[in-house]
>>> print(open('input-v3.txt').read())   # compact mmCIF, C-alpha atoms
# COMPACT_ATOMS: atom_id res chain seq x y z
CA MET A 1 -53.75 39.46 156.82
CA GLY A 2 -56.42 36.88 157.60
CA ALA A 3 -60.13 36.98 157.02
CA VAL A 4 -60.85 35.73 160.53
CA ASN A 5 -62.52 38.04 163.00
CA GLN A 6 -61.62 37.97 166.65
CA PHE A 7 -63.75 35.56 168.62
CA VAL A 8 -64.07 34.29 172.16
CA MET A 9 -63.84 30.59 172.88
CA GLY A 10 -66.69 29.27 175.01
CA TRP A 11 -66.68 26.00 176.96
CA SER A 12 -68.39 24.14 174.14
CA ASP A 13 -65.70 25.34 171.72
CA TRP A 14 -62.93 24.01 173.96
CA TRP A 15 -64.68 20.68 174.20
CA LYS A 16 -65.29 20.48 170.42
CA LEU A 17 -61.61 21.22 169.78
CA ALA A 18 -60.37 18.65 172.28
CA GLU A 19 -62.78 15.97 171.11
CA TRP A 20 -61.85 16.49 167.45
CA PHE A 21 -58.14 16.08 168.04
CA LEU A 22 -58.62 13.13 170.44
CA VAL A 23 -60.56 11.26 167.75
CA LEU A 24 -58.10 12.14 164.98
CA SER A 25 -55.23 10.89 167.11
CA ALA A 26 -56.53 7.32 167.13
CA PHE A 27 -56.54 7.31 163.31
CA SER A 28 -53.18 8.95 162.73
CA VAL A 29 -51.39 5.97 161.21
CA GLY A 30 -48.20 7.21 159.59
CA GLY A 31 -48.26 10.47 161.52
CA PRO A 32 -50.77 13.29 162.01
CA LEU A 33 -49.60 15.18 158.91
CA ILE A 34 -51.67 12.73 156.88
CA LEU A 35 -54.76 14.09 158.66
CA LEU A 36 -54.00 17.71 157.74
CA PRO A 37 -56.96 17.91 155.31
CA GLU A 38 -59.32 16.86 158.13
CA MET A 39 -57.85 19.40 160.52
CA ARG A 40 -58.07 22.16 157.94
CA ARG A 41 -61.71 21.34 157.21
CA PHE A 42 -62.58 21.56 160.91
CA LEU A 43 -60.55 24.65 161.83
CA VAL A 44 -60.88 26.71 158.65
CA VAL A 45 -64.12 25.66 156.97
CA ASP A 46 -66.42 24.44 159.77
CA GLN A 47 -65.33 26.65 162.68
CA GLY A 48 -63.65 29.55 160.86
CA TRP A 49 -61.11 29.87 163.66
CA ILE A 50 -57.99 30.25 161.47
CA THR A 51 -57.16 31.00 157.83
CA ASP A 52 -55.62 28.82 155.14
CA GLU A 53 -52.50 30.99 155.32
CA GLN A 54 -52.15 30.18 159.01
CA VAL A 55 -52.49 26.47 158.29
CA ALA A 56 -49.81 26.60 155.60
CA ALA A 57 -47.46 28.64 157.78
CA SER A 58 -47.93 26.22 160.70
CA VAL A 59 -46.91 23.22 158.60
CA ALA A 60 -43.99 25.01 156.95
CA LEU A 61 -42.67 26.27 160.25
CA ALA A 62 -42.94 22.90 162.04
CA GLN A 63 -41.16 21.19 159.15
CA SER A 64 -38.34 23.68 159.06
CA ALA A 65 -37.85 23.87 162.83
CA PRO A 66 -35.98 21.20 164.78
CA GLY A 67 -38.10 18.62 166.53
CA PRO A 68 -40.98 16.40 165.52
CA ASN A 69 -43.13 17.60 162.64
CA VAL A 70 -46.23 16.87 164.70
CA LEU A 71 -45.60 20.21 166.41
CA PHE A 72 -47.55 21.73 163.53
CA VAL A 73 -50.60 20.69 165.56
CA ALA A 74 -49.43 22.88 168.43
CA LEU A 75 -48.95 25.75 165.98
CA LEU A 76 -52.47 25.29 164.61
CA GLY A 77 -53.70 25.59 168.20
CA TRP A 78 -51.40 28.55 168.76
CA ASN A 79 -52.98 30.37 165.82
CA VAL A 80 -56.49 29.60 167.06
CA GLY A 81 -55.52 31.14 170.38
CA ILE A 82 -53.94 34.20 168.77
CA ASN A 83 -57.13 34.84 166.82
CA ALA A 84 -59.14 34.32 170.00
CA GLY A 85 -57.26 36.91 171.99
CA SER A 86 -53.81 36.68 173.49
CA TYR A 87 -50.52 34.84 173.83
CA TRP A 88 -51.87 33.24 177.01
CA VAL A 89 -54.92 31.79 175.31
CA ALA A 90 -52.65 30.76 172.42
CA PHE A 91 -50.36 28.89 174.77
CA ILE A 92 -53.22 27.02 176.43
CA VAL A 93 -54.89 26.11 173.13
CA ALA A 94 -51.54 24.91 171.74
CA ALA A 95 -50.99 22.71 174.79
CA THR A 96 -54.55 21.36 174.56
CA THR A 97 -54.35 20.39 170.88
CA MET A 98 -50.92 18.85 171.37
CA ILE A 99 -51.95 16.73 174.36
CA CYS A 100 -55.14 15.62 172.62
CA ILE A 101 -53.38 14.60 169.39
CA MET A 102 -50.72 12.65 171.30
CA LEU A 103 -52.65 10.95 174.12
CA PRO A 104 -54.82 8.28 172.43
CA CYS A 105 -52.20 7.15 169.90
CA SER A 106 -49.49 6.98 172.56
CA VAL A 107 -51.63 4.85 174.87
CA ILE A 108 -52.55 2.51 171.99
CA LEU A 109 -48.91 2.27 170.97
CA TYR A 110 -47.62 1.72 174.50
CA CYS A 111 -50.01 -1.15 175.18
CA THR A 112 -49.30 -2.73 171.80
CA ALA A 113 -45.54 -2.34 172.18
CA GLN A 114 -45.58 -4.02 175.59
CA TRP A 115 -47.75 -6.84 174.26
CA VAL A 116 -45.48 -7.29 171.23
CA GLN A 117 -42.44 -7.33 173.52
CA LYS A 118 -43.98 -10.06 175.71
CA ASN A 119 -45.05 -12.13 172.73
CA SER A 120 -42.08 -11.54 170.47
CA HIS A 121 -41.50 -15.29 170.14
CA ARG A 122 -44.96 -15.89 168.67
CA ARG A 123 -45.03 -16.74 165.01
CA SER A 124 -47.75 -14.17 164.26
CA VAL A 125 -45.74 -11.37 165.87
CA ARG A 126 -42.57 -12.36 164.03
CA ALA A 127 -44.52 -12.62 160.77
CA PHE A 128 -45.93 -9.13 161.31
CA LYS A 129 -42.51 -7.56 161.89
CA GLN A 130 -40.81 -9.46 159.08
CA GLY A 131 -43.72 -8.92 156.72
CA MET A 132 -44.07 -5.18 157.29
CA SER A 133 -40.33 -4.44 157.05
CA PRO A 134 -40.01 -4.46 153.25
CA VAL A 135 -43.23 -2.38 153.02
CA VAL A 136 -42.30 0.43 155.41
CA VAL A 137 -38.72 1.04 154.22
CA PRO A 138 -39.67 2.14 150.69
CA MET A 139 -42.28 4.43 152.22
CA LEU A 140 -39.48 6.29 153.97
CA ILE A 141 -37.68 6.63 150.65
CA ALA A 142 -40.95 7.67 149.01
CA SER A 143 -41.54 10.49 151.49
CA GLY A 144 -37.99 11.71 150.90
CA TRP A 145 -38.63 11.48 147.19
CA THR A 146 -41.88 13.45 147.48
CA LEU A 147 -40.21 16.07 149.65
CA ALA A 148 -37.34 16.41 147.15
CA THR A 149 -39.49 16.70 144.04
CA ALA A 150 -42.81 18.28 145.11
CA GLY A 151 -43.26 21.77 143.70
CA THR A 152 -39.96 21.72 141.82
CA THR A 153 -39.30 22.12 138.09
CA LEU A 154 -36.29 21.36 135.90
CA ASN A 155 -34.91 24.76 136.85
CA ASP A 156 -34.59 23.56 140.42
CA TRP A 157 -31.86 21.08 139.57
CA PRO A 158 -29.52 22.60 142.20
CA LEU A 159 -32.02 21.51 144.86
CA TRP A 160 -32.12 18.00 143.43
CA ALA A 161 -28.33 17.93 143.31
CA LEU A 162 -28.26 18.98 146.96
CA SER A 163 -30.65 16.16 147.92
CA ALA A 164 -28.62 13.64 145.92
CA GLY A 165 -25.36 14.92 147.40
CA THR A 166 -26.85 14.56 150.87
CA VAL A 167 -27.74 10.91 150.21
CA PHE A 168 -24.18 10.29 149.07
CA LEU A 169 -22.61 12.04 152.06
CA VAL A 170 -24.81 10.26 154.60
CA LEU A 171 -24.04 6.84 153.16
CA TRP A 172 -20.33 7.29 152.51
CA GLY A 173 -19.29 10.27 154.60
CA LYS A 174 -18.83 10.88 158.28
CA ILE A 175 -20.34 14.37 158.43
CA PRO A 176 -22.76 15.01 161.32
CA LEU A 177 -26.30 15.15 159.97
CA VAL A 178 -27.08 18.47 161.62
CA LEU A 179 -24.09 20.03 159.85
CA LEU A 180 -25.55 18.92 156.51
CA ILE A 181 -28.79 20.70 157.37
CA ALA A 182 -26.85 23.84 158.23
CA ILE A 183 -24.94 23.68 154.93
CA GLY A 184 -28.27 23.41 153.09
CA GLY A 185 -29.53 26.49 154.90
CA VAL A 186 -26.43 28.52 154.11
CA LEU A 187 -26.43 27.47 150.44
CA GLY A 188 -30.09 28.49 150.23
CA ALA A 189 -29.74 31.82 152.01
CA THR A 190 -26.72 32.86 149.92
CA GLY A 191 -28.64 32.24 146.72
CA CYS A 192 -26.48 29.34 145.51
CA LEU A 193 -29.56 27.21 144.86
CA SER A 194 -31.64 29.59 142.76
CA LEU A 195 -30.77 30.22 139.14
CA MET B 1 -22.82 -5.87 161.14
CA SER B 2 -25.01 -7.41 163.81
CA SER B 3 -22.07 -8.85 165.73
CA VAL B 4 -21.31 -5.47 167.32
CA THR B 5 -21.62 -5.41 171.10
CA LYS B 6 -24.88 -3.94 172.26
CA ASN B 7 -25.35 -1.40 175.02
CA ASN B 8 -28.32 -0.48 177.15
CA PRO B 9 -29.46 2.94 178.32
CA ARG B 10 -28.30 3.29 181.92
CA SER B 11 -31.09 5.48 183.27
CA VAL B 12 -34.33 7.25 182.46
CA LEU B 13 -32.36 10.47 182.49
CA GLU B 14 -29.98 9.22 179.81
CA LEU B 15 -33.01 8.34 177.67
CA PHE B 16 -34.48 11.81 178.19
CA VAL B 17 -31.22 13.56 177.31
CA PHE B 18 -30.71 11.32 174.27
CA PHE B 19 -34.13 12.13 172.82
CA SER B 20 -33.88 15.83 173.72
CA LEU B 21 -30.62 16.14 171.79
CA LEU B 22 -32.03 14.19 168.85
CA ALA B 23 -35.13 16.36 168.75
CA LEU B 24 -33.13 19.58 168.79
CA GLN B 25 -31.04 18.40 165.82
CA GLY B 26 -33.89 16.78 163.95
CA PHE B 27 -34.78 19.17 161.18
CA GLY B 28 -37.32 17.98 158.64
CA GLY B 29 -38.14 14.69 160.31
CA MET B 30 -36.29 12.98 163.11
CA ILE B 31 -36.02 9.44 161.82
CA ALA B 32 -32.61 9.88 160.19
CA PHE B 33 -31.25 11.17 163.50
CA ILE B 34 -32.90 8.43 165.53
CA GLU B 35 -31.45 5.69 163.34
CA GLU B 36 -28.00 7.25 163.46
CA GLY B 37 -28.17 7.72 167.23
CA LEU B 38 -29.64 4.35 168.24
CA VAL B 39 -27.75 2.08 165.84
CA ARG B 40 -24.42 3.72 165.19
CA LYS B 41 -23.68 6.01 168.12
CA LYS B 42 -25.34 4.44 171.19
CA LYS B 43 -25.46 0.88 169.81
CA TRP B 44 -28.65 0.20 171.77
CA MET B 45 -29.86 -1.98 168.91
CA THR B 46 -28.78 -3.47 165.59
CA ARG B 47 -30.07 -2.17 162.29
CA GLU B 48 -32.16 -5.36 161.92
CA GLU B 49 -33.81 -4.76 165.30
CA PHE B 50 -34.34 -1.11 164.45
CA LEU B 51 -36.15 -2.11 161.28
CA GLU B 52 -38.45 -4.53 163.17
CA ASP B 53 -39.42 -1.82 165.67
CA TRP B 54 -39.83 0.69 162.87
CA ALA B 55 -42.33 -1.66 161.22
CA VAL B 56 -44.44 -1.51 164.40
CA ALA B 57 -44.00 2.25 164.85
CA ARG B 58 -45.01 2.93 161.27
CA THR B 59 -48.11 0.73 161.29
CA LEU B 60 -49.77 2.02 164.46
CA PRO B 61 -51.37 5.47 164.92
CA GLY B 62 -49.11 8.33 165.98
CA PRO B 63 -46.01 10.04 164.59
CA PRO B 64 -43.61 7.16 163.72
CA ALA B 65 -40.53 8.89 165.14
CA ILE B 66 -42.21 9.44 168.51
CA ASN B 67 -43.68 5.93 168.46
CA MET B 68 -40.11 4.74 168.09
CA GLY B 69 -39.18 6.67 171.25
CA ILE B 70 -42.09 5.11 173.17
CA ILE B 71 -41.10 1.61 172.05
CA ILE B 72 -37.47 2.06 173.12
CA GLY B 73 -38.37 3.78 176.38
CA ALA B 74 -41.01 1.21 177.29
CA ARG B 75 -38.64 -1.67 176.58
CA HIS B 76 -36.01 -0.50 179.03
CA PHE B 77 -37.94 1.36 181.73
CA GLY B 78 -41.68 0.75 181.19
CA VAL B 79 -44.05 3.71 181.54
CA ARG B 80 -41.30 5.92 182.97
CA GLY B 81 -39.08 5.24 179.98
CA ALA B 82 -41.86 5.95 177.49
CA LEU B 83 -42.68 9.22 179.26
CA ALA B 84 -39.01 10.22 179.36
CA ALA B 85 -38.68 9.66 175.61
CA VAL B 86 -41.86 11.58 174.74
CA LEU B 87 -41.01 14.42 177.10
CA GLY B 88 -37.50 14.58 175.66
CA VAL B 89 -38.84 14.79 172.13
CA PHE B 90 -41.34 17.54 172.93
CA LEU B 91 -40.15 19.73 175.76
CA PHE B 92 -37.46 21.90 174.16
CA PRO B 93 -38.64 21.81 170.53
CA SER B 94 -42.14 22.98 171.48
CA LEU B 95 -40.78 26.00 173.34
CA LEU B 96 -38.45 26.68 170.43
CA VAL B 97 -41.14 26.39 167.78
CA MET B 98 -43.40 28.89 169.54
CA GLY B 99 -40.53 31.34 169.71
CA LEU B 100 -39.94 30.75 166.02
CA ALA B 101 -43.65 31.28 165.32
CA ILE B 102 -43.37 34.75 166.78
CA LEU B 103 -40.17 35.48 164.82
CA TYR B 104 -41.59 34.00 161.64
CA THR B 105 -44.46 36.50 161.50
CA LYS B 106 -41.83 39.26 161.56
CA PHE B 107 -39.28 37.86 159.09
CA SER B 108 -41.18 35.64 156.69
CA HIS B 109 -41.16 38.37 154.02
CA LEU B 110 -37.34 38.16 153.70
CA HIS B 111 -36.53 35.99 150.69
CA GLN B 112 -33.32 34.75 152.37
CA VAL B 113 -35.47 33.07 155.01
CA SER B 114 -37.58 31.13 152.53
CA ASP B 115 -34.49 30.34 150.39
CA ALA B 116 -32.66 28.94 153.41
CA LEU B 117 -35.71 26.85 154.29
CA ARG B 118 -35.77 25.43 150.77
CA GLY B 119 -32.12 24.44 151.04
CA MET B 120 -32.72 22.80 154.41
CA GLY B 121 -35.75 21.01 152.98
CA ALA B 122 -33.66 19.56 150.14
CA VAL B 123 -31.11 18.23 152.64
CA ALA B 124 -33.89 16.81 154.84
CA ALA B 125 -35.26 14.98 151.80
CA GLY B 126 -31.81 13.52 151.17
CA LEU B 127 -31.59 12.40 154.81
CA LEU B 128 -34.87 10.50 154.55
CA ILE B 129 -33.82 8.76 151.33
CA ALA B 130 -30.40 7.86 152.77
CA THR B 131 -31.97 6.43 155.94
CA GLY B 132 -34.28 4.32 153.78
CA ILE B 133 -31.32 3.03 151.77
CA LYS B 134 -29.46 2.20 155.00
CA LEU B 135 -32.44 0.21 156.24
CA LEU B 136 -32.61 -1.65 152.94
CA THR B 137 -29.30 -3.25 153.91
CA ALA B 138 -31.13 -4.97 156.78
CA LEU B 139 -33.51 -6.75 154.39
CA PRO B 140 -31.26 -9.66 153.26
CA SER B 141 -31.70 -11.29 156.68
CA ASN B 142 -35.48 -11.18 156.26
CA ILE B 143 -37.26 -14.52 156.50
CA MET B 144 -38.92 -14.04 153.10
CA GLY B 145 -35.60 -13.94 151.30
CA LEU B 146 -34.02 -11.10 149.40
CA ARG B 147 -35.76 -11.69 146.10
CA ILE B 148 -39.32 -11.54 147.44
CA CYS B 149 -38.40 -8.61 149.71
CA SER B 150 -37.08 -6.67 146.73
CA VAL B 151 -40.29 -7.22 144.78
CA ILE B 152 -42.42 -6.08 147.74
CA ALA B 153 -40.18 -3.04 148.30
CA VAL B 154 -40.31 -1.98 144.66
CA VAL B 155 -44.10 -2.37 144.51
CA ALA B 156 -44.45 -0.34 147.74
CA PHE B 157 -42.28 2.45 146.36
CA VAL B 158 -44.17 2.59 143.05
CA LEU B 159 -47.54 2.65 144.83
CA VAL B 160 -46.68 5.41 147.29
CA GLY B 161 -43.84 7.37 145.71
CA LEU B 162 -44.86 7.37 142.06
CA LEU B 163 -48.60 6.60 141.92
CA HIS B 164 -49.36 8.50 145.15
CA ILE B 165 -51.76 5.87 146.49
CA ARG B 166 -52.85 6.67 150.05
CA VAL B 167 -50.22 5.38 152.44
CA SER B 168 -52.74 3.59 154.67
CA TYR B 169 -54.12 1.58 151.71
CA ALA B 170 -50.64 0.50 150.63
CA LEU B 171 -49.68 -0.23 154.23
CA PHE B 172 -52.62 -2.53 154.91
CA GLY B 173 -53.15 -3.90 151.40
CA LEU B 174 -49.60 -4.80 150.50
CA GLY B 175 -48.69 -5.21 154.17
CA SER B 176 -51.23 -7.95 154.87
CA ILE B 177 -50.16 -9.95 151.80
CA SER B 178 -46.55 -9.60 152.90
CA CYS B 179 -47.33 -10.63 156.50
CA PHE B 180 -49.23 -13.72 155.36
CA TYR B 181 -46.30 -14.74 153.21
CA ALA B 182 -43.85 -14.14 156.06
CA TYR B 183 -46.05 -16.31 158.31
CA HIS B 184 -45.98 -19.03 155.67
CA CYS B 185 -42.16 -18.83 155.45
CA LEU B 186 -41.76 -18.97 159.24
CA ARG B 187 -43.98 -22.07 159.44
CA ASN B 188 -42.06 -23.88 156.71
CA LYS B 189 -38.76 -23.09 158.35
CA LYS B 190 -39.67 -24.95 161.54
>>> encode(input="input-v3.txt", output="structure tokens")
Amino acid sequence: MGAVNQFVMGWSDWWKLAEWFLVLSAFSVGGPLILLPEMRRFLVVDQGWITDEQVAASVALAQSAPGPNVLFVALLGWNVGINAGSYWVAFIVAATTMICIMLPCSVILYCTAQWVQKNSHRRSVRAFKQGMSPVVVPMLIASGWTLATAGTTLNDWPLWALSAGTVFLVLWGKIPLVLLIAIGGVLGATGCLSL
Amino acid sequence: MSSVTKNNPRSVLELFVFFSLLALQGFGGMIAFIEEGLVRKKKWMTREEFLEDWAVARTLPGPPAINMGIIIGARHFGVRGALAAVLGVFLFPSLLVMGLAILYTKFSHLHQVSDALRGMGAVAAGLLIATGIKLLTALPSNIMGLRICSVIAVVAFVLVGLLHIRVSYALFGLGSISCFYAYHCLRNKK
């Protein structure tokens, strides 16, 4: 499986891990997934705590499971803990990484949001909201676009058709979104999407 | 569109339940579900207001979908509301995902599993694009006018979606130009 040997986490390791994720959190504009290369460098290359396969599986699993994608950070921690010993250690490391990646950015956001709310009449605040709106919407479309096309070839046209059909159904249909996801899963599992 | 009557969340508990349910449905990114839930189902805000909050959530550090929860929670119930939203988003999905992590190591070799995930991924991609298109319909009321907004939106898409420029560069580069122009428009309007 992995090339990682079992290891025991000392106090300094816990602190290094917590500190790294606390710092990354403050820079996670657009979501922590953007910082994946940094996390990989620390966990795989510098510390050798987990393997590249474990990193890839963590991201894939968090993206395919319900809930926020940022849970991949908990899974990275989970894998560190598994390699370090047991489910118990895994659980504690997962909780640690998750709290550290969420705490600084949430505090920054909370304070800013309250300030923005109090000063929403100010021209600078209104200009910020109005000015950023046309910039952030296409980014949403762009991430959908990247997700739909990354790693696909012309032979994957059924997948593209499924994405396009989803867009159509969301805009003009009344089907619950979670049902659409389920349909996608069934179509995939039954082999309708692979030629 | 924005003349619909608006509601408010009645309690911290309602907020917690709302975000828990969203999180448990939210495959491949929660934003499509949050928009649907807040604007169309609960009517806690209009699409225009959603877009303004999204602009803040997307520009500050942290996962944008969760930032959105903190903003909504904080607006109605302060710290307690923000905590309820975050707890709702994380509590059940994190337990679920660890269970899945254990299952995944046992079943990941089955090709049906990876095929199903690919199908779900394609739908999730469609959901993101559709949510973006929905939010585009809120742009005509923007202070900068539809024409300028369209130009900015197209440039942003080309930079990030096609040229794969780093999101933070596009956000702050193009974003600051856009904000300055919006400021200029707001001043002239008065």
>>> residues_around(input="input-v3.txt", residues="region 29-31 of chain A", least_positions_apart="2", cutoff="12 Å", atoms="only C-alpha atoms", output="NGL selection string")
(:A and (24-27 or 33-36 or 68-73 or 101-102 or 104-106 or 108-109 or 136 or 139-140 or 143)) or (:B and (29 or 54-68 or 166-172))
>>> interface_residues(input="input-v3.txt", of="chain A", to="chain B", cutoff="6 Å", atoms="all atoms listed in the file", output="PyMOL selection string")
chain A and resi 26-31+63-67+105+113+127-129+131-135+137-138+140-142+144+147-148+159+163+166-167+178+181+184-185+188-189
>>> atom_distance(input="input-v3.txt", atom1="CA of Pro176 (chain A)", atom2="CA of Leu61 (chain A)")
22.9 Å
>>> residues_near_point(input="input-v3.txt", point="(-49.9, 21.5, 171.1)", cutoff="7 Å", atoms="only C-alpha atoms", output="list in words")
Leu71, Val73, Ala74, Leu75, Gly77, Ala94, Ala95, Thr96, Thr97, Met98 and Ile99 of chain A
>>> atom_distance(input="input-v3.txt", atom1="CA of Ile175 (chain A)", atom2="CA of Ala161 (chain A)")
17.5 Å
>>> residues_around(input="input-v3.txt", residues="Leu76 (chain A)", least_positions_apart="3", cutoff="10 Å", atoms="all atoms listed in the file", output="count of residues only")
23
>>> atom_distance(input="input-v3.txt", atom1="CA of Leu154 (chain A)", atom2="CA of Gly191 (chain A)")
17.1 Å
>>> residues_around(input="input-v3.txt", residues="Asp156 (chain A)", least_positions_apart="3", cutoff="9 Å", atoms="only C-alpha atoms", output="list of chain:residue names")
A:Thr152, A:Thr153, A:Leu159, A:Trp160, A:Ala161, A:Leu193, A:Ser194, A:Leu195
>>> residues_around(input="input-v3.txt", residues="Val116 (chain A)", least_positions_apart="4", cutoff="8 Å", atoms="only C-alpha atoms", output="ChimeraX atom specification")
/A:112,120,125
